[in-house]
$ cat entry.cif   # mmCIF, C-alpha atoms
data_query
#
loop_
_atom_site.label_atom_id
_atom_site.label_comp_id
_atom_site.auth_asym_id
_atom_site.auth_seq_id
_atom_site.Cartn_x
_atom_site.Cartn_y
_atom_site.Cartn_z
CA MET A 234 102.26 66.04 96.51
CA ARG A 235 106.04 65.78 96.91
CA PRO A 236 107.31 67.85 99.87
CA ILE A 237 110.61 69.73 100.20
CA ASN A 238 111.29 71.15 103.66
CA LEU A 239 113.89 73.89 103.94
CA LYS A 240 115.15 76.17 106.72
CA GLU A 241 116.07 79.82 106.42
CA TYR A 242 119.80 80.16 105.58
CA LYS A 243 120.38 76.39 105.95
CA ARG A 244 121.84 74.34 103.08
CA SER A 245 119.70 71.32 102.28
CA GLY A 246 120.74 67.84 101.33
CA PRO A 247 120.37 66.84 97.66
CA GLU A 248 116.83 67.52 96.41
CA HIS A 249 115.70 66.12 93.08
CA LEU A 250 114.12 68.69 90.77
CA SER A 251 113.22 68.67 87.12
CA VAL A 252 114.57 71.54 85.03
CA ALA A 253 111.11 73.11 84.99
CA GLU A 254 110.77 72.80 88.79
CA ARG A 255 114.24 74.23 89.33
CA ASP A 256 113.53 77.23 87.12
CA ALA A 257 110.08 77.79 88.67
CA LEU A 258 111.57 77.74 92.17
CA LYS A 259 114.27 80.25 91.23
CA ALA A 260 111.69 82.54 89.62
CA ALA A 261 109.36 82.35 92.62
CA VAL A 262 112.03 82.71 95.31
CA PRO A 263 115.11 84.45 93.84
CA SER A 264 116.85 84.46 97.23
CA VAL A 265 117.20 80.65 97.17
CA THR A 266 120.69 79.55 96.12
CA ILE A 267 120.56 76.44 93.91
CA GLU A 268 123.76 74.38 93.57
CA PRO A 269 124.11 71.15 91.56
CA ALA A 270 124.84 68.14 93.79
CA GLU A 271 128.06 66.39 92.83
CA GLY A 272 127.71 62.91 91.37
CA GLU A 273 123.91 63.11 91.00
CA GLU A 274 121.68 63.97 88.06
CA ASP A 275 118.89 66.54 88.49
CA ALA A 276 119.79 66.90 92.18
CA TYR A 277 120.52 70.21 93.91
CA HIS A 278 121.51 71.69 97.25
CA LEU A 279 119.07 74.48 98.16
CA THR A 280 119.98 77.32 100.50
CA PRO A 281 117.14 79.75 101.25
CA GLY A 282 117.86 83.39 101.96
CA SER A 283 115.63 85.62 104.05
CA THR A 284 112.38 84.70 102.24
CA VAL A 285 110.25 82.23 104.18
CA GLY A 286 106.82 80.68 103.69
CA ALA A 287 104.99 78.03 101.69
CA LEU A 288 105.00 77.50 97.93
CA ASP A 289 103.03 75.09 95.73
CA MET A 290 104.62 74.27 92.37
CA GLY A 291 102.58 71.74 90.42
CA ARG A 292 103.07 68.47 92.28
CA LEU A 293 105.81 69.94 94.48
CA SER A 294 105.24 71.55 97.89
CA VAL A 295 108.09 73.71 99.21
CA ILE A 296 108.12 74.84 102.85
CA ILE A 297 110.77 77.36 103.97
CA ARG A 298 110.71 77.57 107.75
CA PRO A 299 112.08 80.68 109.44
CA LYS A 300 114.81 80.68 112.08
CA LEU A 301 112.29 82.17 114.48
CA GLU A 302 109.12 80.37 115.52
CA VAL A 303 106.38 80.64 112.91
CA SER A 304 104.08 82.36 115.39
CA ARG A 305 106.72 85.02 116.09
CA VAL A 306 107.18 85.77 112.38
CA LEU A 307 103.44 86.32 112.01
CA TYR A 308 103.43 88.50 115.11
CA LEU A 309 106.20 90.72 113.72
CA ALA A 310 104.63 90.93 110.27
CA SER A 311 101.15 91.66 111.62
CA TYR A 312 102.40 94.28 114.07
CA ALA A 313 104.38 95.93 111.26
CA MET A 314 101.12 96.20 109.27
CA GLY A 315 99.42 97.90 112.24
CA ALA A 316 97.15 95.03 113.34
CA PHE A 317 97.77 95.68 117.05
CA LYS A 318 100.03 97.34 119.59
CA LEU A 319 102.94 95.65 121.34
CA ARG A 320 101.09 93.43 123.80
CA ASN A 321 100.40 89.74 124.43
CA ASP A 322 101.02 87.59 121.39
CA PRO A 323 97.75 86.83 119.50
CA PHE A 324 99.56 83.97 117.75
CA ALA A 325 100.56 82.24 120.99
CA PHE A 326 99.25 78.79 120.17
CA ALA A 327 100.83 75.42 119.37
CA GLU A 328 103.61 75.79 116.83
CA ALA A 329 102.37 75.23 113.28
CA PRO A 330 104.39 73.52 110.54
CA ASP A 331 104.39 76.58 108.26
CA LEU A 332 103.19 80.17 107.96
CA VAL A 333 99.94 79.33 106.17
CA ALA A 334 98.97 76.70 108.74
CA ALA A 335 99.49 79.26 111.51
CA LEU A 336 97.91 82.21 109.72
CA ALA A 337 94.64 80.54 108.66
CA PRO A 338 93.22 79.84 112.16
CA ALA A 339 94.33 83.28 113.41
CA PHE A 340 92.59 84.94 110.47
CA VAL A 341 89.39 82.94 111.05
CA ARG A 342 89.35 83.83 114.76
CA ALA A 343 89.91 87.52 113.98
CA ALA A 344 87.00 87.45 111.52
CA GLN A 345 84.74 85.74 114.06
CA ARG A 346 85.52 88.43 116.63
CA ALA A 347 84.95 91.25 114.13
CA PHE A 348 81.74 89.83 112.65
CA GLY A 349 80.41 89.00 116.12
CA ARG A 350 79.28 92.62 116.39
CA GLY A 351 77.61 92.46 112.99
CA LEU A 352 78.97 93.20 109.54
CA LEU A 353 80.39 96.66 109.07
CA HIS A 354 78.30 98.84 106.75
CA GLY A 355 78.94 102.19 105.14
CA TYR A 356 77.55 104.63 102.62
CA GLN A 357 78.63 104.47 98.98
CA THR A 358 77.58 106.87 96.25
CA GLU A 359 75.85 105.04 93.38
CA GLU A 360 74.87 106.30 89.95
CA GLU A 361 72.19 104.32 88.08
CA ALA A 362 69.43 104.55 85.50
CA LEU A 363 66.15 103.68 87.31
CA TYR A 364 62.45 103.68 86.50
CA THR A 365 61.73 105.31 89.85
CA VAL A 366 63.42 108.34 91.35
CA ARG A 367 65.84 107.59 94.20
CA GLY A 368 68.13 110.19 95.70
CA ARG A 369 68.90 113.06 93.33
CA ILE A 370 68.21 113.27 89.63
CA ALA A 371 71.42 113.76 87.66
CA PHE A 372 69.95 116.29 85.22
CA ALA A 373 73.11 116.74 83.17
CA GLU A 374 73.41 112.99 82.60
CA GLN A 375 69.66 112.70 81.92
CA VAL A 376 69.86 115.30 79.15
CA ARG A 377 73.09 113.91 77.70
CA ARG A 378 71.98 110.28 77.60
CA ARG A 379 68.14 110.40 77.34
CA PHE A 380 67.33 113.65 75.54
CA ASP A 381 63.51 113.97 75.83
CA VAL A 382 62.89 110.36 76.95
CA PRO A 383 61.52 110.56 80.54
CA LEU A 384 62.42 107.00 81.63
CA PRO A 385 64.67 105.58 82.88
CA VAL A 386 65.91 108.40 85.09
CA GLU A 387 69.61 109.02 85.75
CA VAL A 388 69.94 109.28 89.54
CA ARG A 389 72.67 109.57 92.15
CA TYR A 390 72.13 108.28 95.70
CA ASP A 391 73.97 107.07 98.80
CA ASP A 392 73.54 103.35 99.46
CA PHE A 393 74.04 101.90 102.96
CA THR A 394 75.82 98.66 102.15
CA ASP A 395 78.20 96.01 103.45
CA ASP A 396 80.07 96.08 100.11
CA ILE A 397 82.76 98.39 101.48
CA LEU A 398 86.56 98.29 101.40
CA ALA A 399 87.04 96.67 104.83
CA ASN A 400 84.78 93.73 103.94
CA GLN A 401 86.25 93.49 100.44
CA LEU A 402 89.73 93.11 101.91
CA VAL A 403 88.59 90.35 104.27
CA LYS A 404 86.76 88.49 101.51
CA ALA A 405 89.71 88.71 99.11
CA ALA A 406 92.12 87.48 101.79
CA GLY A 407 89.83 84.59 102.71
CA ALA A 408 89.56 83.59 99.06
CA ARG A 409 93.33 83.68 98.66
CA LEU A 410 93.90 81.50 101.74
CA GLY A 411 91.09 79.17 100.64
CA ALA A 412 92.90 78.50 97.37
CA MET A 413 95.91 77.13 99.28
CA ARG A 414 96.40 73.67 100.69
CA ILE A 415 95.37 73.87 104.35
CA ALA A 416 95.37 70.61 106.26
CA ASP A 417 93.34 71.83 109.25
CA ARG A 418 89.65 71.09 108.65
CA GLU A 419 88.46 73.67 111.18
CA SER A 420 90.38 76.40 109.32
CA ARG A 421 88.93 75.31 105.98
CA ASP A 422 85.41 75.39 107.42
CA GLY A 423 86.12 78.83 108.92
CA LEU A 424 87.23 80.20 105.57
CA ARG A 425 84.04 78.90 103.95
CA TRP A 426 82.03 80.57 106.72
CA ILE A 427 83.77 83.90 106.02
CA ASP A 428 82.94 83.59 102.33
CA ALA A 429 79.28 82.81 103.08
CA THR A 430 79.01 85.66 105.58
CA LEU A 431 80.35 88.08 102.96
CA ALA A 432 78.14 86.73 100.16
CA ASN A 433 76.95 90.22 99.17
CA VAL A 434 80.46 91.68 99.13
CA SER A 435 82.38 92.03 95.86
CA LEU A 436 85.43 89.81 95.33
CA VAL A 437 88.12 92.32 94.34
CA ALA A 438 91.51 91.33 92.89
CA PHE A 439 93.88 93.55 94.88
CA ARG A 440 97.44 93.87 93.57
CA PRO A 441 100.12 92.83 96.09
CA SER A 442 102.02 96.07 95.52
CA ASP A 443 98.96 98.25 96.03
CA VAL A 444 96.80 96.89 98.85
CA PRO A 445 94.76 99.84 100.14
CA SER A 446 94.58 100.79 103.80
CA VAL A 447 91.50 101.48 105.90
CA GLU A 448 91.07 104.48 108.20
CA PHE A 449 89.94 103.37 111.66
CA ASP A 450 87.86 105.20 114.26
CA ARG A 451 85.78 104.20 117.26
CA LEU A 452 83.02 102.84 115.01
CA ASN A 453 85.18 100.37 113.09
CA ALA A 454 88.08 99.81 115.50
CA HIS A 455 86.88 96.24 116.17
CA TYR A 456 87.69 95.46 112.51
CA ARG A 457 91.33 96.55 112.76
CA GLU A 458 92.90 93.16 113.45
CA VAL A 459 91.08 91.22 110.74
CA VAL A 460 91.57 93.99 108.17
CA GLU A 461 95.30 94.28 108.81
CA LEU A 462 95.68 90.49 108.73
CA SER A 463 93.82 90.60 105.41
CA ARG A 464 96.22 93.22 104.08
CA LEU A 465 99.13 91.06 105.23
CA ILE A 466 97.72 88.04 103.37
CA LEU A 467 97.00 90.00 100.20
CA ARG A 468 100.42 91.62 100.25
CA HIS A 469 102.30 88.31 100.51
CA ALA A 470 99.92 85.60 99.29
CA THR A 471 98.93 86.82 95.86
CA PHE A 472 102.12 85.71 94.20
CA GLU A 473 101.55 83.53 91.16
CA SER A 474 103.83 82.82 88.22
CA GLU A 475 104.49 80.20 85.62
CA ARG A 476 107.87 79.06 84.33
CA GLY A 477 108.36 76.13 81.98
CA GLY A 478 104.80 74.91 82.40
CA VAL A 479 105.05 74.80 86.21
CA ARG A 480 102.74 77.21 88.04
CA ALA A 481 103.95 78.48 91.41
CA SER A 482 101.81 80.17 94.04
CA GLY A 483 101.99 80.55 97.78
CA PHE A 484 102.58 82.77 100.79
CA LEU A 485 106.09 84.23 101.01
CA ILE A 486 107.49 86.79 103.46
CA ASP A 487 110.82 88.59 103.13
CA MET A 488 112.20 88.80 106.67
CA ASN A 489 114.41 91.76 105.69
CA VAL A 490 111.29 93.80 104.93
CA VAL A 491 109.40 92.55 108.00
CA PHE A 492 112.28 93.45 110.33
CA GLN A 493 112.67 96.93 108.86
CA GLU A 494 108.94 97.65 109.05
CA PHE A 495 108.67 96.21 112.56
CA VAL A 496 111.53 98.32 113.93
CA THR A 497 110.20 101.46 112.23
CA ARG A 498 106.68 101.09 113.66
CA ALA A 499 107.88 99.98 117.11
CA LEU A 500 110.26 102.94 117.46
CA ARG A 501 107.66 105.36 116.16
CA GLU A 502 105.16 104.22 118.80
CA GLU A 503 107.70 104.03 121.63
CA LEU A 504 109.01 107.54 120.82
CA GLY A 505 105.48 108.93 120.45
CA LEU A 506 106.08 110.15 116.91
CA ASP A 507 103.94 110.13 113.79
CA GLY A 508 104.80 109.01 110.27
CA HIS A 509 105.96 112.48 109.28
CA ALA A 510 108.49 112.85 112.10
CA PHE A 511 109.62 109.21 111.88
CA PRO A 512 108.85 108.11 108.30
CA ALA A 513 109.30 104.84 106.51
CA ASP A 514 112.05 104.94 103.91
CA THR A 515 109.42 105.57 101.21
CA GLY A 516 108.41 108.80 102.96
CA LEU A 517 111.80 110.50 102.56
CA ARG A 518 111.32 111.84 99.06
CA GLY A 519 112.55 115.42 98.94
CA ARG A 520 113.78 115.41 102.55
CA MET A 521 116.97 113.36 102.61
CA PRO A 522 119.94 115.27 101.18
CA THR A 523 122.27 113.60 98.72
CA LEU A 524 125.77 112.58 99.74
CA ASP A 525 127.45 114.78 97.12
CA GLU A 526 127.01 118.48 96.47
CA GLY A 527 126.06 117.80 92.86
CA GLY A 528 122.98 115.85 93.90
CA ASP A 529 123.90 112.59 92.13
CA ILE A 530 124.39 110.18 95.07
CA SER A 531 120.98 109.65 96.66
CA LEU A 532 120.49 108.04 100.06
CA GLY A 533 117.52 106.23 101.62
CA PRO A 534 118.01 105.25 105.27
CA ASP A 535 115.48 102.88 106.83
CA LEU A 536 115.21 104.95 110.01
CA SER A 537 115.24 108.71 110.46
CA TRP A 538 113.82 111.21 112.95
CA TRP A 539 112.97 114.70 111.74
CA GLU A 540 112.25 117.88 113.66
CA GLY A 541 111.21 120.60 111.29
CA GLY A 542 113.61 120.32 108.39
CA ASP A 543 116.41 118.80 110.45
CA CYS A 544 117.28 115.12 110.73
CA VAL A 545 118.14 114.38 114.39
CA PHE A 546 118.70 110.60 114.12
CA VAL A 547 119.56 108.29 111.24
CA GLY A 548 120.15 104.55 110.90
CA ASP A 549 119.34 101.28 109.18
CA ALA A 550 117.61 98.05 110.21
CA LYS A 551 119.52 94.93 109.11
CA TYR A 552 118.16 91.39 109.30
CA LYS A 553 120.77 90.03 106.91
CA ARG A 554 123.08 87.10 107.65
CA THR A 555 126.56 88.17 108.73
CA GLU A 556 129.87 86.39 109.24
CA ASN A 557 131.53 86.13 112.65
CA ASN A 558 128.68 88.15 114.23
CA ARG A 559 130.09 91.39 112.88
CA ALA A 560 128.46 94.22 110.97
CA THR A 561 129.62 94.18 107.36
CA ASN A 562 131.93 96.86 106.03
CA ALA A 563 129.31 97.79 103.43
CA ASP A 564 126.72 98.44 106.16
CA LEU A 565 129.19 100.56 108.13
CA TYR A 566 130.12 102.58 105.03
CA GLN A 567 126.40 103.13 104.42
CA ALA A 568 125.85 104.36 107.97
CA LEU A 569 128.81 106.73 107.63
CA ALA A 570 127.32 108.14 104.43
CA TYR A 571 124.01 108.81 106.20
CA ALA A 572 125.67 110.59 109.11
CA THR A 573 127.80 112.66 106.75
CA ALA A 574 124.92 113.70 104.49
CA VAL A 575 122.71 114.96 107.34
CA ASP A 576 125.66 116.28 109.40
CA LEU A 577 125.04 114.20 112.51
CA PRO A 578 127.67 113.00 115.01
CA GLY A 579 126.94 109.39 114.09
CA ALA A 580 124.51 106.72 112.87
CA THR A 581 123.12 103.44 114.19
CA LEU A 582 122.81 99.99 112.64
CA ILE A 583 120.10 97.80 114.18
CA TYR A 584 120.50 94.05 113.64
CA ALA A 585 118.45 91.08 114.73
CA LYS A 586 120.22 89.54 117.72
CA GLY A 587 122.57 86.75 116.72
CA GLU A 588 123.64 88.40 113.46
CA ALA A 589 125.91 91.13 114.82
CA GLU A 590 127.18 91.86 118.31
CA PRO A 591 126.69 95.38 119.75
CA ARG A 592 129.72 97.53 119.13
CA LYS A 593 130.87 101.15 118.72
CA ARG A 594 133.35 102.41 116.15
CA ARG A 595 134.78 105.91 115.88
CA VAL A 596 135.67 106.88 112.31
CA ARG A 597 139.21 108.11 111.88
CA HIS A 598 139.52 111.85 111.00
CA ALA A 599 135.74 112.27 110.53
CA GLY A 600 134.99 111.64 114.21
CA LYS A 601 131.62 110.02 113.40
CA LEU A 602 130.40 107.36 115.86
CA LEU A 603 128.96 104.23 114.20
CA GLU A 604 127.02 102.02 116.61
CA VAL A 605 125.60 98.51 116.24
CA ILE A 606 122.56 97.59 118.34
CA ALA A 607 120.92 94.14 118.54
CA VAL A 608 117.18 93.47 118.99
CA ASP A 609 116.22 90.08 120.40
CA LEU A 610 113.25 88.74 118.43
CA SER A 611 113.13 85.26 119.91
CA GLY A 612 112.22 85.78 123.59
CA GLU A 613 108.89 86.38 125.25
CA ILE A 614 106.77 89.30 124.07
CA GLU A 615 107.67 91.19 127.26
CA ASP A 616 111.37 90.70 126.44
CA LEU A 617 110.74 92.11 122.97
CA ARG A 618 108.97 95.14 124.43
CA THR A 619 111.91 95.71 126.78
CA SER A 620 114.35 95.47 123.88
CA ILE A 621 112.37 98.05 121.89
CA ALA A 622 112.19 100.37 124.94
CA THR A 623 115.98 100.11 125.32
CA LEU A 624 116.42 100.84 121.62
CA ALA A 625 114.15 103.89 121.86
CA LYS A 626 116.17 105.15 124.83
CA HIS A 627 119.31 104.84 122.70
CA VAL A 628 117.69 106.75 119.84
CA ARG A 629 116.66 109.58 122.17
CA SER A 630 120.18 109.78 123.57
CA ARG A 631 121.63 110.22 120.08
CA LYS A 632 119.69 113.39 119.30
CA PRO A 633 122.27 116.16 118.88
CA SER A 634 122.24 119.10 121.21
CA PRO A 635 120.43 122.29 120.12
CA GLN A 636 123.84 123.94 119.79
CA HIS A 637 124.91 121.29 117.27
CA GLN A 638 121.70 121.72 115.28
CA ARG A 639 122.09 125.49 115.18
CA SER A 640 125.73 125.23 114.11
CA GLY A 641 124.76 122.70 111.43
CA ARG A 642 122.13 125.05 110.01
CA ALA A 643 124.58 127.95 110.13
CA ALA A 644 127.16 125.93 108.19
#
$ encode --input "entry.cif" --output "structure tokens"
Amino acid sequence: MRPINLKEYKRSGPEHLSVAERDALKAAVPSVTIEPAEGEEDAYHLTPGSTVGALDMGRLSVIIRPKLEVSRVLYLASYAMGAFKLRNDPFAFAEAPDLVAALAPAFVRAAQRAFGRGLLHGYQTEEEALYTVRGRIAFAEQVRRRFDVPLPVEVRYDDFTDDILANQLVKAAGARLGAMRIADRESRDGLRWIDATLANVSLVAFRPSDVPSVEFDRLNAHYREVVELSRLILRHATFESERGGVRASGFLIDMNVVFQEFVTRALREELGLDGHAFPADTGLRGRMPTLDEGGDISLGPDLSWWEGGDCVFVGDAKYKRTENNRATNADLYQALAYATAVDLPGATLIYAKGEAEPRKRRVRHAGKLLEVIAVDLSGEIEDLRTSIATLAKHVRSRKPSPQHQRSGRAA
């Protein structure tokens, strides 16, 4: 296995790639910039974008390390999926070389804790043709399929089984991790133990774009962490493609998406709001007005707070790389459009610290206030909690007065 080690946003030295490997890498990670190296044949400078993780391509192993510590990336991604509240870091162990190496032992430990109380079971409705009656006879199906033949009998019954969604998610995630190259023997053994423990559970092929969620209550709350880690794995680790005879598969995370989802969930919890009052950008359909009166210029802010039918705060979360630690003009124009469309005094851009310095700008003639706030992702967990609390305080302070809201509705 030939390794290539890259760093988020850092240009690499010349790396030798065949045409097939080059094309497979570009197809698997479109955010990687590939530049021919001068004076060398089949050699390229590689500059990753915001996508980080591990990728196997035939005999080539590509590791893209994040700017943050690997454990912190997994913390942010897992929290964004709802695995836990803002508290001590469950990934606070020795730094791993890549995301998969860090995720595998955490996933195994979460499964051990969850299964320690016994496998979760639930009732599922089954419909079968049996030679003995169980549950209720499905008379309509019996007549339609059997006519006057008495056996077998079409029945419908509730089966108490461990083959339920929560266990299916864990099994599928374990199988996906088990198919990757994991150096740690203890993690490999743990994944085999998970598979053996869930021997009676169906192996379901969940699509990355449609990984179902599980509703939690006091009876299954102990499963939350392992289920949400499973959803994280299935969402990011089921990528597989083939280009030019080279198959690529791995675990890849887009830090832009992770940052947006982390900020959304963290603010929602800190402000004490639900998903309706503080929705993800996908939950804005039919609520966010267009920029123009004709309804042609649609808008989709990352962050918005709604009271009734009124938007009382609007903004965007930006992880992107900037120049000179300044918010880009395009981002500022976007924020101005949001504030204008919902008739608010201003809008906020939230960057990861180090990409843009905090700053306020008053828009000429319009009077809108555009603010840039930075969230420090790299400190201790307590520092991160403090940063989120400060951000939430800012968001509360930007709610317009009732007089402004009434005048906006009157207009």
$ resolve_selection --input "entry.cif" --expression "the PyMOL selection byres ((chain A and resi 304) around 12)" --output "VMD selection string"
chain A and resid 298 to 303 305 to 311 322 to 339 610 to 611 613 to 614
$ resolve_selection --input "entry.cif" --expression "the PyMOL selection byres ((chain A and resi 560) around 9)" --output "VMD selection string"
chain A and resid 555 to 559 561 to 565 582 584 588 to 590 592 605
$ write_last_selection --input "entry.cif" --atoms "C-alpha atoms" --output "PDB file, in the frame of the given file"
ATOM      1  CA  THR A 555     126.560  88.170 108.730  1.00  0.00           C
ATOM      2  CA  GLU A 556     129.870  86.390 109.240  1.00  0.00           C
ATOM      3  CA  ASN A 557     131.530  86.130 112.650  1.00  0.00           C
ATOM      4  CA  ASN A 558     128.680  88.150 114.230  1.00  0.00           C
ATOM      5  CA  ARG A 559     130.090  91.390 112.880  1.00  0.00           C
ATOM      6  CA  THR A 561     129.620  94.180 107.360  1.00  0.00           C
ATOM      7  CA  ASN A 562     131.930  96.860 106.030  1.00  0.00           C
ATOM      8  CA  ALA A 563     129.310  97.790 103.430  1.00  0.00           C
ATOM      9  CA  ASP A 564     126.720  98.440 106.160  1.00  0.00           C
ATOM     10  CA  LEU A 565     129.190 100.560 108.130  1.00  0.00           C
ATOM     11  CA  LEU A 582     122.810  99.990 112.640  1.00  0.00           C
ATOM     12  CA  TYR A 584     120.500  94.050 113.640  1.00  0.00           C
ATOM     13  CA  GLU A 588     123.640  88.400 113.460  1.00  0.00           C
ATOM     14  CA  ALA A 589     125.910  91.130 114.820  1.00  0.00           C
ATOM     15  CA  GLU A 590     127.180  91.860 118.310  1.00  0.00           C
ATOM     16  CA  ARG A 592     129.720  97.530 119.130  1.00  0.00           C
ATOM     17  CA  VAL A 605     125.600  98.510 116.240  1.00  0.00           C
TER      18      VAL A 605
END
$ residues_around --input "entry.cif" --residues "Leu352 of chain A" --least-positions-apart "3" --cutoff "9 Å" --atoms "all atoms listed in the file" --output "PDB file with C-alpha atoms, keeping the file's coordinate frame"
ATOM      1  CA  ALA A 347      84.950  91.250 114.130  1.00  0.00           C
ATOM      2  CA  PHE A 348      81.740  89.830 112.650  1.00  0.00           C
ATOM      3  CA  GLY A 349      80.410  89.000 116.120  1.00  0.00           C
ATOM      4  CA  ASP A 395      78.200  96.010 103.450  1.00  0.00           C
ATOM      5  CA  ASN A 400      84.780  93.730 103.940  1.00  0.00           C
ATOM      6  CA  THR A 430      79.010  85.660 105.580  1.00  0.00           C
ATOM      7  CA  LEU A 431      80.350  88.080 102.960  1.00  0.00           C
TER       8      LEU A 431
END
$ residues_around --input "entry.cif" --residues "Met314 of chain A" --least-positions-apart "3" --cutoff "8 Å" --atoms "all atoms listed in the file" --output "VMD selection string"
chain A and resid 310 to 311 461 to 462 464 to 465 494
$ atom_distance --input "entry.cif" --atom1 "atom CA of Asp616 of chain A" --atom2 "atom CA of Tyr312 of chain A"
15.7 Å
$ atom_distance --input "entry.cif" --atom1 "atom CA of Leu569 of chain A" --atom2 "atom CA of Thr623 of chain A"
22.8 Å
$ residues_around --input "entry.cif" --residues "Tyr277 of chain A" --least-positions-apart "5" --cutoff "8 Å" --atoms "all atoms listed in the file" --output "number ranges by chain"
A: 246-250, 267-270
$ write_last_selection --input "entry.cif" --atoms "C-alpha atoms" --output "compact mmCIF listing (two decimals), in the coordinates of the input"
# COMPACT_ATOMS: atom_id res chain seq x y z
CA GLY A 246 120.74 67.84 101.33
CA PRO A 247 120.37 66.84 97.66
CA GLU A 248 116.83 67.52 96.41
CA HIS A 249 115.70 66.12 93.08
CA LEU A 250 114.12 68.69 90.77
CA ILE A 267 120.56 76.44 93.91
CA GLU A 268 123.76 74.38 93.57
CA PRO A 269 124.11 71.15 91.56
CA ALA A 270 124.84 68.14 93.79
$ residues_around --input "entry.cif" --residues "Leu517 of chain A" --least-positions-apart "2" --cutoff "12 Å" --atoms "only C-alpha atoms" --output "JSON, numbers by chain"
{"A": [508, 509, 510, 511, 512, 513, 514, 515, 519, 520, 521, 522, 523, 531, 532, 533, 534, 535, 536, 537, 538, 539, 542, 544, 547]}
$ write_last_selection --input "entry.cif" --atoms "C-alpha atoms" --output "compact mmCIF listing (two decimals), in the coordinates of the input"
# COMPACT_ATOMS: atom_id res chain seq x y z
CA GLY A 508 104.80 109.01 110.27
CA HIS A 509 105.96 112.48 109.28
CA ALA A 510 108.49 112.85 112.10
CA PHE A 511 109.62 109.21 111.88
CA PRO A 512 108.85 108.11 108.30
CA ALA A 513 109.30 104.84 106.51
CA ASP A 514 112.05 104.94 103.91
CA THR A 515 109.42 105.57 101.21
CA GLY A 519 112.55 115.42 98.94
CA ARG A 520 113.78 115.41 102.55
CA MET A 521 116.97 113.36 102.61
CA PRO A 522 119.94 115.27 101.18
CA THR A 523 122.27 113.60 98.72
CA SER A 531 120.98 109.65 96.66
CA LEU A 532 120.49 108.04 100.06
CA GLY A 533 117.52 106.23 101.62
CA PRO A 534 118.01 105.25 105.27
CA ASP A 535 115.48 102.88 106.83
CA LEU A 536 115.21 104.95 110.01
CA SER A 537 115.24 108.71 110.46
CA TRP A 538 113.82 111.21 112.95
CA TRP A 539 112.97 114.70 111.74
CA GLY A 542 113.61 120.32 108.39
CA CYS A 544 117.28 115.12 110.73
CA VAL A 547 119.56 108.29 111.24
$ resolve_selection --input "entry.cif" --expression "the PyMOL selection byres ((chain A and resi 293) around 10)" --output "list in words"
Met234, Arg235, Pro236, Ile237, Leu250, Glu254, Leu258, Leu288, Asp289, Met290, Gly291, Arg292, Ser294, Val295, Ile296, Val479 and Ala481 of chain A
$ atom_distance --input "entry.cif" --atom1 "atom CA of Val628 of chain A" --atom2 "atom CA of Ile486 of chain A"
27.8 Å
$ closest_residue --input "entry.cif" --among "A:Leu485, A:Ala343, A:Leu500, A:Thr266" --to "Ile427 of chain A" --atoms "all atoms listed in the file"
A:Ala343
$ closest_residue --input "entry.cif" --among "A:Pro633, A:Pro281, A:Gly579, A:Gly272" --to "Ser245 of chain A" --atoms "only C-alpha atoms"
A:Pro281
$ residues_around --input "entry.cif" --residues "Ser435 of chain A" --least-positions-apart "4" --cutoff "10 Å" --atoms "only C-alpha atoms" --output "list of chain:residue names"
A:Asp395, A:Asp396, A:Ile397, A:Leu398, A:Asn400, A:Gln401, A:Leu402, A:Lys404, A:Ala405, A:Leu431
$ closest_residue --input "entry.cif" --among "A:Gly516, A:Ser283, A:Thr581, A:Val545" --to "Val491 of chain A" --atoms "all atoms listed in the file"
A:Ser283
$ closest_residue --input "entry.cif" --among "A:Arg451, A:His278, A:Arg631, A:His354" --to "Leu239 of chain A" --atoms "all atoms listed in the file"
A:His278
$ closest_residue --input "entry.cif" --among "A:Glu526, A:Asp609, A:Glu241, A:Asp507" --to "Val265 of chain A" --atoms "all atoms listed in the file"
A:Glu241
